[in-house]
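S.K.: Starting off with a structure, shown below.
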Amino acid sequence: MRKISALLAATTALLASAATAESVHVVYGAYGSPSSTNVKHGIMPFIAEAERLTEGSLTFELHPGGSLVGSSTALSGVRDSLVDAAQVSSIYFPSELPQLNVAIDLSPGISADTRAVAAAATELNLLGCPGCKAEIEEWNIQYLGGYGVSSFSLLCAKPVQTLEDLKGLRVRAAGSFSDLATALGMTPVNTTITEVYEGLQRGQLDCTMGSPGWMDSFSIRDVATNILMLETGTAFGGPMLDVSLDIWGQLDDDQKDALKRAAALGTASAAAGYEAADEEVLASAEEDGLTIFQPGEDILAVLEQFRADRSAKVVADAERRGIPDAKETVDTFMSLLEKWNAIVEETGDDTEALADAMYQEIYSKM
């Protein structure tokens with residue numbers, strides 16, 4: 001009887017806390033469309049879970065598709081209070097976020113489970129890299145969840161399979177992926193993902209580096225009908241999930257904890273969504289008029305050497321630019337990636353189990 005009474009008392013206290021908590025409304029800007037993986041499987045579940053856990057004391061107003069802030073304006077949009085939160089891809093801000101981009105520059109040479117990449121990026125930026133944390137806070141942002149994109153392939157307007165096929169082709173390769181494009185003999189073009197469809201349609205691009213799932217999430221299957229399965233490289237970083245420090249400062253402890261738990265779920269769900277999107281596109285490729293190619297031995301040899309050299313090059317380039325603790329940041333991320341690969345092997349396809357592991361290993365220690 002005492003246990004039941006104690007449970008009722010605790011529940012009553014929790015409900016009273018939620019009822020008396022200050023109501024906070026968050027305007028969230030996303031450059032991705034509602035159907036894009038990070039929005040549909042990451043930001044939307046994050047919002048829904050945060051509203052559920054706070055019983056409505058936190059409410060969100062999502063503006064997707066770049067209607068308020070785009071991929072290149074998300075950072076300043078939060079700083080200038082145009083929005084209270086935004087989908088930020090660090091790769092588009094190498095000058096503004098140099099410390100965050102040190103680990104991200106490893107991206108083209110990484111082959112790992114998307115879920116492990118997302119979790120490792122989140123832990124690095126919240127707990128493992130003080131300079132990264134300070135850097136994003138200078139933009140008035142409380143980092144809550146990173147993202148990981150499944151292994152990259154080449155999505156092209158015409159068939160490609162050998163180095164000779166790739167020679168001179170114009171490929172969308174943002175940030176450090178220009179190094180991989182150059183290694184493959186291609187001509188990198190640094191443009192945003194939202195500009196890829198038009199670029200391919202008008203012949204300004206021949207290919208884009210990206211996940212097979214992008215055929216649907218960014219609606220490019222009409223202009224890129226060929227997939228070369230490189231299966232190397234992954235975009236990661238963030239914060240995909242965040243709120244401004246102004247908003248964060250208004251929240252009580254229960255609301256903050258709700259955002260942490262929601263961020264764990266959103267981060268894990270988005271990464272799982274990328275894996276599922278790839279599987280769906282590849283499974284129906286033939287009937288959908290897509291052609292899948294495996295890379296020739298010449299391409300495989302280039303990829304193997306590129307991966308072997310990547311960490312040393314990233315550290316050397318960062319040190320040349322005067323970025324502090326570059327080797328420590330790289331070593332920390334690679335260690336975290338190994339840790340989360342092992343955790344993902346245990347949790348498997350159970351997204352809730354992965355979210356719980358992320359909460360325990362990362363968010364509870366913030």
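A note on labels: chains of the structure tokens are A, B, ... as shown, every chain counts residues from 1, and ligands are counted from 1 in their shown order.
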Fewer than 5 positions away in the same chain doesn't count, so skip those; otherwise give me all residues within 6 Å of A:Thr187, counting only C-alpha atoms, as a PyMOL selection string.

M.R.: chain A and resi 168-170

S.K.: Got time to write the residues from that selection, N, CA, C and O atoms, as a compact mmCIF listing (two decimals), in the first residue's frame?

M.R.:
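For reference, out21.txt as written:
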# COMPACT_ATOMS: atom_id res chain seq x y z
N GLY A 168 37.01 13.69 -65.02
CA GLY A 168 36.52 15.00 -65.42
C GLY A 168 35.05 15.27 -65.16
O GLY A 168 34.57 16.39 -65.37
N LEU A 169 34.31 14.26 -64.69
CA LEU A 169 32.88 14.48 -64.43
C LEU A 169 32.69 15.48 -63.29
O LEU A 169 33.41 15.46 -62.30
N ARG A 170 31.69 16.32 -63.42
CA ARG A 170 31.39 17.32 -62.38
C ARG A 170 30.47 16.68 -61.34
O ARG A 170 29.37 16.23 -61.67

S.K.: So which residues touch A:Glu198 within 12 Å, counting only C-alpha atoms, skipping near sequence neighbours fewer than 3 positions away, as an MDAnalysis selection string?

M.R.: chainID A and resid 172 191:195 201:208 218:220 222:224

S.K.: Just the residues within 7 Å of A:Ala116, please, counting only C-alpha atoms, with nothing from its chain fewer than 6 positions along; format it as a count of residues only.

M.R.: 4

S.K.: Under the rule of at most 6 Å, produce a per-residue listing of stretch 173-291 of chain A near stretch 67-90 of chain A: chain, number, name, the closest pair of atoms, and the distance in Å, as CSV, using only C-alpha atoms.

M.R.:
residue,atom,partner,partner_atom,distance
A:Gly237,CA,A:Ser90,CA,5.8
A:Gly238,CA,A:Ser89,CA,4.9
A:Pro239,CA,A:Val88,CA,5.3
A:Met240,CA,A:Gln87,CA,4.6
A:Asp242,CA,A:Ala85,CA,5.7
A:Val243,CA,A:Ala85,CA,4.4
A:Ser244,CA,A:Asp84,CA,5.4

S.K.: Mind checking DSSP for stretch 184-285 of chain A and telling me the strand (DSSP E) residues as a ChimeraX atom specification?

M.R.: /A:187-189,207-210,226-228,236-244

S.K.: With all heavy atoms kept, could you save the residues just selected as a CSV table (one decimal), in the first residue's frame?

M.R.:
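To be explicit, this is the file written out as result-v4.csv:
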chain,number,residue,atom,x,y,z
A,187,THR,N,35.7,16.3,-61.0
A,187,THR,CA,35.8,17.8,-60.7
A,187,THR,C,34.7,18.1,-59.7
A,187,THR,O,33.5,18.1,-60.0
A,187,THR,CB,35.5,18.6,-62.0
A,187,THR,OG1,36.5,18.3,-63.0
A,187,THR,CG2,35.6,20.1,-61.7
A,188,PRO,N,35.2,18.5,-58.5
A,188,PRO,CA,34.2,18.7,-57.4
A,188,PRO,C,33.5,20.1,-57.6
A,188,PRO,O,34.1,21.0,-58.0
A,188,PRO,CB,35.1,18.7,-56.1
A,188,PRO,CG,36.5,19.1,-56.6
A,188,PRO,CD,36.6,18.5,-58.0
A,189,VAL,N,32.2,20.1,-57.2
A,189,VAL,CA,31.4,21.3,-57.2
A,189,VAL,C,30.8,21.4,-55.9
A,189,VAL,O,30.1,20.5,-55.4
A,189,VAL,CB,30.3,21.3,-58.3
A,189,VAL,CG1,29.5,22.5,-58.3
A,189,VAL,CG2,30.9,21.0,-59.7
A,207,CYS,N,27.0,14.1,-61.5
A,207,CYS,CA,26.8,13.2,-60.4
A,207,CYS,C,26.7,14.0,-59.1
A,207,CYS,O,27.1,15.1,-59.0
A,207,CYS,CB,27.9,12.2,-60.2
A,207,CYS,SG,28.4,11.2,-61.7
A,208,THR,N,26.2,13.3,-58.1
A,208,THR,CA,26.3,13.8,-56.7
A,208,THR,C,26.8,12.7,-55.8
A,208,THR,O,26.4,11.5,-56.1
A,208,THR,CB,25.0,14.4,-56.2
A,208,THR,OG1,25.3,14.9,-54.8
A,208,THR,CG2,23.9,13.4,-56.1
A,209,MET,N,27.7,13.0,-54.9
A,209,MET,CA,28.0,12.0,-53.9
A,209,MET,C,26.9,12.0,-52.8
A,209,MET,O,26.4,13.1,-52.4
A,209,MET,CB,29.3,12.3,-53.2
A,209,MET,CG,30.5,12.1,-54.1
A,209,MET,SD,32.1,12.3,-53.2
A,209,MET,CE,33.2,11.9,-54.5
A,210,GLY,N,26.4,10.8,-52.5
A,210,GLY,CA,25.3,10.8,-51.5
A,210,GLY,C,24.8,9.4,-51.3
A,210,GLY,O,25.3,8.4,-52.0
A,226,ASN,N,21.5,6.3,-62.3
A,226,ASN,CA,22.6,5.3,-62.1
A,226,ASN,C,23.3,5.5,-60.8
A,226,ASN,O,23.6,6.6,-60.3
A,226,ASN,CB,23.7,5.6,-63.2
A,226,ASN,CG,23.1,5.4,-64.6
A,226,ASN,OD1,22.9,4.4,-65.1
A,226,ASN,ND2,22.7,6.6,-65.2
A,227,ILE,N,23.5,4.4,-60.1
A,227,ILE,CA,24.2,4.4,-58.8
A,227,ILE,C,25.5,3.5,-58.8
A,227,ILE,O,25.4,2.3,-59.2
A,227,ILE,CB,23.2,3.8,-57.7
A,227,ILE,CG1,21.9,4.5,-57.7
A,227,ILE,CG2,23.9,3.8,-56.3
A,227,ILE,CD1,20.9,3.9,-56.7
A,228,LEU,N,26.6,4.2,-58.5
A,228,LEU,CA,27.8,3.5,-58.4
A,228,LEU,C,28.1,3.3,-56.9
A,228,LEU,O,28.3,4.2,-56.2
A,228,LEU,CB,29.0,4.3,-59.0
A,228,LEU,CG,30.4,3.6,-58.9
A,228,LEU,CD1,30.4,2.3,-59.7
A,228,LEU,CD2,31.5,4.6,-59.5
A,236,PHE,N,28.4,13.7,-41.6
A,236,PHE,CA,27.9,13.7,-40.3
A,236,PHE,C,28.2,15.1,-39.6
A,236,PHE,O,29.0,15.9,-40.2
A,236,PHE,CB,28.5,12.6,-39.4
A,236,PHE,CG,30.0,12.7,-39.2
A,236,PHE,CD1,30.5,13.4,-38.1
A,236,PHE,CD2,30.9,12.0,-40.0
A,236,PHE,CE1,31.9,13.5,-37.9
A,236,PHE,CE2,32.3,12.1,-39.8
A,236,PHE,CZ,32.8,12.8,-38.7
A,237,GLY,N,27.7,15.3,-38.5
A,237,GLY,CA,27.9,16.6,-37.8
A,237,GLY,C,26.7,17.1,-37.1
A,237,GLY,O,26.0,16.3,-36.4
A,238,GLY,N,26.3,18.3,-37.4
A,238,GLY,CA,25.1,18.8,-36.8
A,238,GLY,C,25.4,20.2,-36.3
A,238,GLY,O,26.4,20.8,-36.7
A,239,PRO,N,24.6,20.8,-35.4
A,239,PRO,CA,23.5,20.1,-34.8
A,239,PRO,C,22.2,20.0,-35.7
A,239,PRO,O,21.7,21.1,-36.1
A,239,PRO,CB,23.2,20.9,-33.6
A,239,PRO,CG,23.6,22.3,-34.0
A,239,PRO,CD,24.8,22.1,-34.9
A,240,MET,N,21.8,18.8,-35.9
A,240,MET,CA,20.5,18.6,-36.6
A,240,MET,C,19.4,19.0,-35.6
A,240,MET,O,18.3,19.6,-36.0
A,240,MET,CB,20.3,17.2,-37.0
A,240,MET,CG,18.9,16.8,-37.5
A,240,MET,SD,18.7,15.1,-37.9
A,240,MET,CE,18.9,14.3,-36.3
A,241,LEU,N,19.6,18.7,-34.3
A,241,LEU,CA,18.6,19.0,-33.2
A,241,LEU,C,19.3,20.0,-32.3
A,241,LEU,O,20.4,19.8,-31.8
A,241,LEU,CB,18.3,17.7,-32.5
A,241,LEU,CG,17.8,16.5,-33.4
A,241,LEU,CD1,17.5,15.3,-32.5
A,241,LEU,CD2,16.5,16.9,-34.1
A,242,ASP,N,18.6,21.0,-32.0
A,242,ASP,CA,19.1,22.1,-31.1
A,242,ASP,C,18.0,23.0,-30.7
A,242,ASP,O,16.9,22.9,-31.2
A,242,ASP,CB,20.2,22.9,-31.8
A,242,ASP,CG,19.7,23.5,-33.1
A,242,ASP,OD1,18.9,24.4,-33.0
A,242,ASP,OD2,20.2,23.1,-34.2
A,243,VAL,N,18.3,23.9,-29.7
A,243,VAL,CA,17.5,25.1,-29.5
A,243,VAL,C,18.5,26.2,-29.2
A,243,VAL,O,19.7,26.0,-28.9
A,243,VAL,CB,16.5,24.9,-28.3
A,243,VAL,CG1,15.5,23.9,-28.6
A,243,VAL,CG2,17.3,24.5,-27.0
A,244,SER,N,18.0,27.4,-29.3
A,244,SER,CA,18.9,28.6,-29.0
A,244,SER,C,19.2,28.6,-27.5
A,244,SER,O,18.4,28.0,-26.7
A,244,SER,CB,18.2,29.9,-29.4
A,244,SER,OG,17.2,30.2,-28.5

S.K.: Do a neighbour search on A:Pro98 at 12 Å with only C-alpha atoms, toss out local chain neighbours closer than 3 positions, and write the hits as a PyMOL selection string.

M.R.: chain A and resi 90-95+101-105+131-136+175+317-319+321-326+329

S.K.: Keeping only N, CA and C atoms, write the selected residues as a compact mmCIF listing (two decimals), in the first residue's frame.

M.R.:
# COMPACT_ATOMS: atom_id res chain seq x y z
N SER A 90 27.03 21.30 -40.25
CA SER A 90 28.31 21.97 -40.01
C SER A 90 29.17 22.04 -41.26
N ILE A 91 28.98 21.10 -42.17
CA ILE A 91 29.82 21.02 -43.35
C ILE A 91 29.71 22.28 -44.21
N TYR A 92 28.59 23.00 -44.08
CA TYR A 92 28.41 24.22 -44.87
C TYR A 92 29.06 25.44 -44.22
N PHE A 93 29.68 25.26 -43.04
CA PHE A 93 30.24 26.38 -42.30
C PHE A 93 31.69 26.11 -41.86
N PRO A 94 32.58 25.83 -42.81
CA PRO A 94 33.97 25.51 -42.44
C PRO A 94 34.70 26.68 -41.78
N SER A 95 34.38 27.90 -42.17
CA SER A 95 35.04 29.07 -41.58
C SER A 95 34.45 29.45 -40.24
N ASN A 101 34.47 21.13 -37.62
CA ASN A 101 34.73 20.52 -38.91
C ASN A 101 36.00 19.68 -38.95
N VAL A 102 36.79 19.68 -37.89
CA VAL A 102 37.99 18.83 -37.88
C VAL A 102 37.59 17.36 -38.01
N ALA A 103 36.74 16.89 -37.12
CA ALA A 103 36.31 15.49 -37.19
C ALA A 103 35.50 15.23 -38.46
N ILE A 104 34.70 16.22 -38.86
CA ILE A 104 33.86 16.05 -40.05
C ILE A 104 34.71 15.85 -41.29
N ASP A 105 35.91 16.41 -41.30
CA ASP A 105 36.80 16.23 -42.45
C ASP A 105 37.26 14.79 -42.62
N GLY A 131 36.30 22.53 -27.25
CA GLY A 131 36.38 23.59 -28.23
C GLY A 131 35.21 23.59 -29.18
N CYS A 132 34.73 22.39 -29.54
CA CYS A 132 33.56 22.27 -30.42
C CYS A 132 32.32 22.82 -29.73
N LYS A 133 32.17 22.47 -28.47
CA LYS A 133 31.01 22.92 -27.69
C LYS A 133 31.00 24.44 -27.57
N ALA A 134 32.16 25.00 -27.25
CA ALA A 134 32.27 26.45 -27.10
C ALA A 134 31.99 27.16 -28.42
N GLU A 135 32.44 26.56 -29.50
CA GLU A 135 32.31 27.16 -30.82
C GLU A 135 30.84 27.29 -31.23
N ILE A 136 30.07 26.24 -31.03
CA ILE A 136 28.66 26.30 -31.42
C ILE A 136 27.87 27.20 -30.50
N GLY A 175 32.32 20.33 -49.03
CA GLY A 175 33.36 20.29 -48.01
C GLY A 175 34.51 19.37 -48.35
N ASP A 317 46.24 19.16 -42.13
CA ASP A 317 45.54 20.32 -42.69
C ASP A 317 45.02 21.22 -41.58
N ALA A 318 44.46 20.62 -40.52
CA ALA A 318 43.92 21.40 -39.41
C ALA A 318 45.02 22.16 -38.68
N GLU A 319 46.14 21.50 -38.46
CA GLU A 319 47.26 22.16 -37.78
C GLU A 319 47.82 23.30 -38.63
N ARG A 321 46.10 25.16 -40.50
CA ARG A 321 45.15 26.28 -40.39
C ARG A 321 45.10 26.86 -38.98
N GLY A 322 45.94 26.32 -38.09
CA GLY A 322 46.01 26.86 -36.74
C GLY A 322 44.89 26.42 -35.83
N ILE A 323 44.23 25.32 -36.15
CA ILE A 323 43.14 24.81 -35.31
C ILE A 323 43.73 23.99 -34.17
N PRO A 324 43.42 24.33 -32.92
CA PRO A 324 44.04 23.64 -31.79
C PRO A 324 43.50 22.22 -31.59
N ASP A 325 44.34 21.39 -31.01
CA ASP A 325 43.93 20.04 -30.56
C ASP A 325 43.37 19.18 -31.69
N ALA A 326 43.86 19.35 -32.90
CA ALA A 326 43.31 18.61 -34.04
C ALA A 326 43.51 17.10 -33.87
N THR A 329 41.21 15.72 -31.25
CA THR A 329 39.83 15.65 -31.73
C THR A 329 39.63 14.45 -32.64
